[in-house]
Amino acid sequence: MLPGRGRNGRAALLPRIAGTRTAWTPVGDGEFFCPGCGGDRNYQRLTGRRRFTLLGLPVLPRGETGPAIECAACRRHFGTDVLDHPTTTRFSAMLRDAVHTVALAVLAAGGTASRTALETAVSAVRAAGFDDCTEEQLDTLVEALAADTGRFHGEPCVPGLAIELHEALDPLAPHLAPAGRESILLQAARIALADGPYTPAERDTLATVGAALTICSTDVTRLMAAARTPS
């Protein structure tokens with residue numbers, strides 16, 4: 001028997017004689033968060049056709065495969081569900097908008113007469129990325145929000161405002177760690193507490209924020225109590 005031509009030798013030789021090869025065709029591109037690289041990268045969306053090969057030559061079609069997402073940097077392939085994860089830039093924008101919406105909702109519940117509440121809200125919104133936010137801007141937006149929803153200060157969270165909160169928070173919540181979701185609720189609670197104890201309307205708004213962030217009611221109560229303790 002020739003060296004390397006025993007049973008194991010034939011098994012090693014077989015893939016060189018026959019196998020399956022996929023030919024990929026680009027059908028789109030864009031930017032995504034690559035889980036392999038750990039950052040924002042360009043990608044190509046690919047569809048593939050599998051062929052049975054003999055001696056390295058394609059001889060028989062074996063059907064289609066994919067689609068797949070190929071990272072332009074590391075060249076790894078991923079399923080299309082990887083595009084559900086926002087890019088770092090998009091995530092930052094979503095977080096910024098969410099904090100802004102939550103701050104407005106809490107101010108709308110408690111009113112903007114308290115300068116302390118406005119200052120606390122402005123601080124949270126600026127920290128989230130709206131560097132040029134001012135008390136006057138928030139005050140104007142709260143009044144516009146009240147007019148748009150038909151809600152007066154001190155009223156429970158009306159459906160229109162609840163929808164605004166869910167639109168801002170629902171897409172963000174799955175991409176936040178539990179600590180991140182709790183941080184948003186704590187910020188909202190501290191805005192509500194800046195001018196005194198929680199009002200019923202503020203409690204209702206904070207409960208809506210917690211639900212949109214997928215925080216259970218027990219944890220919402222715990223975090224509202226924790227917000228009373230100076231950090």
# chains A, B, ... in the order shown; residues from 1 in each chain; ligands from 1
>>> select_by_dssp(residues="range 32-105 of chain A", states="alpha helix (DSSP H)", output="ChimeraX atom specification")
/A:88-105
>>> write_last_selection(atoms="N, CA, C and O atoms", output="short mmCIF file (atom, residue, chain, number, x, y, z; two decimals), in the first residue's frame")
data_model
loop_
_atom_site.label_atom_id
_atom_site.label_comp_id
_atom_site.auth_asym_id
_atom_site.auth_seq_id
_atom_site.Cartn_x
_atom_site.Cartn_y
_atom_site.Cartn_z
N THR A 88 -22.90 52.21 16.34
CA THR A 88 -22.57 53.03 17.51
C THR A 88 -23.14 54.44 17.35
O THR A 88 -23.68 55.01 18.31
N THR A 89 -23.05 54.98 16.15
CA THR A 89 -23.58 56.33 15.89
C THR A 89 -25.08 56.36 16.07
O THR A 89 -25.64 57.26 16.72
N ARG A 90 -25.77 55.35 15.51
CA ARG A 90 -27.23 55.30 15.63
C ARG A 90 -27.65 55.07 17.07
O ARG A 90 -28.62 55.67 17.55
N PHE A 91 -26.93 54.23 17.78
CA PHE A 91 -27.27 53.95 19.18
C PHE A 91 -27.16 55.22 20.01
O PHE A 91 -28.02 55.50 20.86
N SER A 92 -26.11 55.99 19.79
CA SER A 92 -25.93 57.25 20.54
C SER A 92 -27.08 58.20 20.28
O SER A 92 -27.58 58.87 21.20
N ALA A 93 -27.52 58.27 19.00
CA ALA A 93 -28.64 59.15 18.66
C ALA A 93 -29.94 58.66 19.32
O ALA A 93 -30.74 59.46 19.81
N MET A 94 -30.16 57.35 19.32
CA MET A 94 -31.36 56.79 19.95
C MET A 94 -31.38 57.09 21.45
O MET A 94 -32.41 57.45 22.02
N LEU A 95 -30.22 56.94 22.10
CA LEU A 95 -30.13 57.20 23.53
C LEU A 95 -30.37 58.66 23.83
O LEU A 95 -31.09 59.02 24.77
N ARG A 96 -29.77 59.53 23.03
CA ARG A 96 -29.94 60.97 23.22
C ARG A 96 -31.42 61.37 23.09
O ARG A 96 -31.95 62.09 23.92
N ASP A 97 -32.07 60.86 22.04
CA ASP A 97 -33.48 61.19 21.81
C ASP A 97 -34.37 60.63 22.91
O ASP A 97 -35.36 61.26 23.31
N ALA A 98 -34.02 59.45 23.41
CA ALA A 98 -34.82 58.83 24.47
C ALA A 98 -34.76 59.65 25.75
O ALA A 98 -35.79 59.92 26.38
N VAL A 99 -33.57 60.07 26.15
CA VAL A 99 -33.42 60.87 27.36
C VAL A 99 -34.16 62.20 27.21
O VAL A 99 -34.82 62.67 28.15
N HIS A 100 -34.08 62.80 26.03
CA HIS A 100 -34.76 64.07 25.77
C HIS A 100 -36.27 63.89 25.91
O HIS A 100 -36.96 64.70 26.56
N THR A 101 -36.82 62.82 25.31
CA THR A 101 -38.25 62.58 25.37
C THR A 101 -38.72 62.30 26.80
O THR A 101 -39.76 62.80 27.23
N VAL A 102 -37.95 61.52 27.53
CA VAL A 102 -38.31 61.20 28.92
C VAL A 102 -38.29 62.47 29.78
O VAL A 102 -39.21 62.69 30.59
N ALA A 103 -37.29 63.30 29.61
CA ALA A 103 -37.21 64.55 30.38
C ALA A 103 -38.42 65.43 30.11
O ALA A 103 -39.01 66.00 31.04
N LEU A 104 -38.82 65.54 28.85
CA LEU A 104 -39.99 66.35 28.50
C LEU A 104 -41.26 65.78 29.14
O LEU A 104 -42.11 66.52 29.64
N ALA A 105 -41.38 64.44 29.11
CA ALA A 105 -42.56 63.81 29.66
C ALA A 105 -42.68 64.05 31.16
O ALA A 105 -43.77 64.34 31.68
#
>>> atom_distance(atom1="CA of Thr87 in chain A", atom2="CA of Gly28 in chain A")
17.2 Å
>>> atom_distance(atom1="CA of Thr221 in chain A", atom2="CA of Leu141 in chain A")
28.1 Å
>>> closest_residue(among="A:Ile215, A:Val27, A:Leu107, A:Leu145", to="Ile69 in chain A", atoms="only C-alpha atoms")
A:Val27
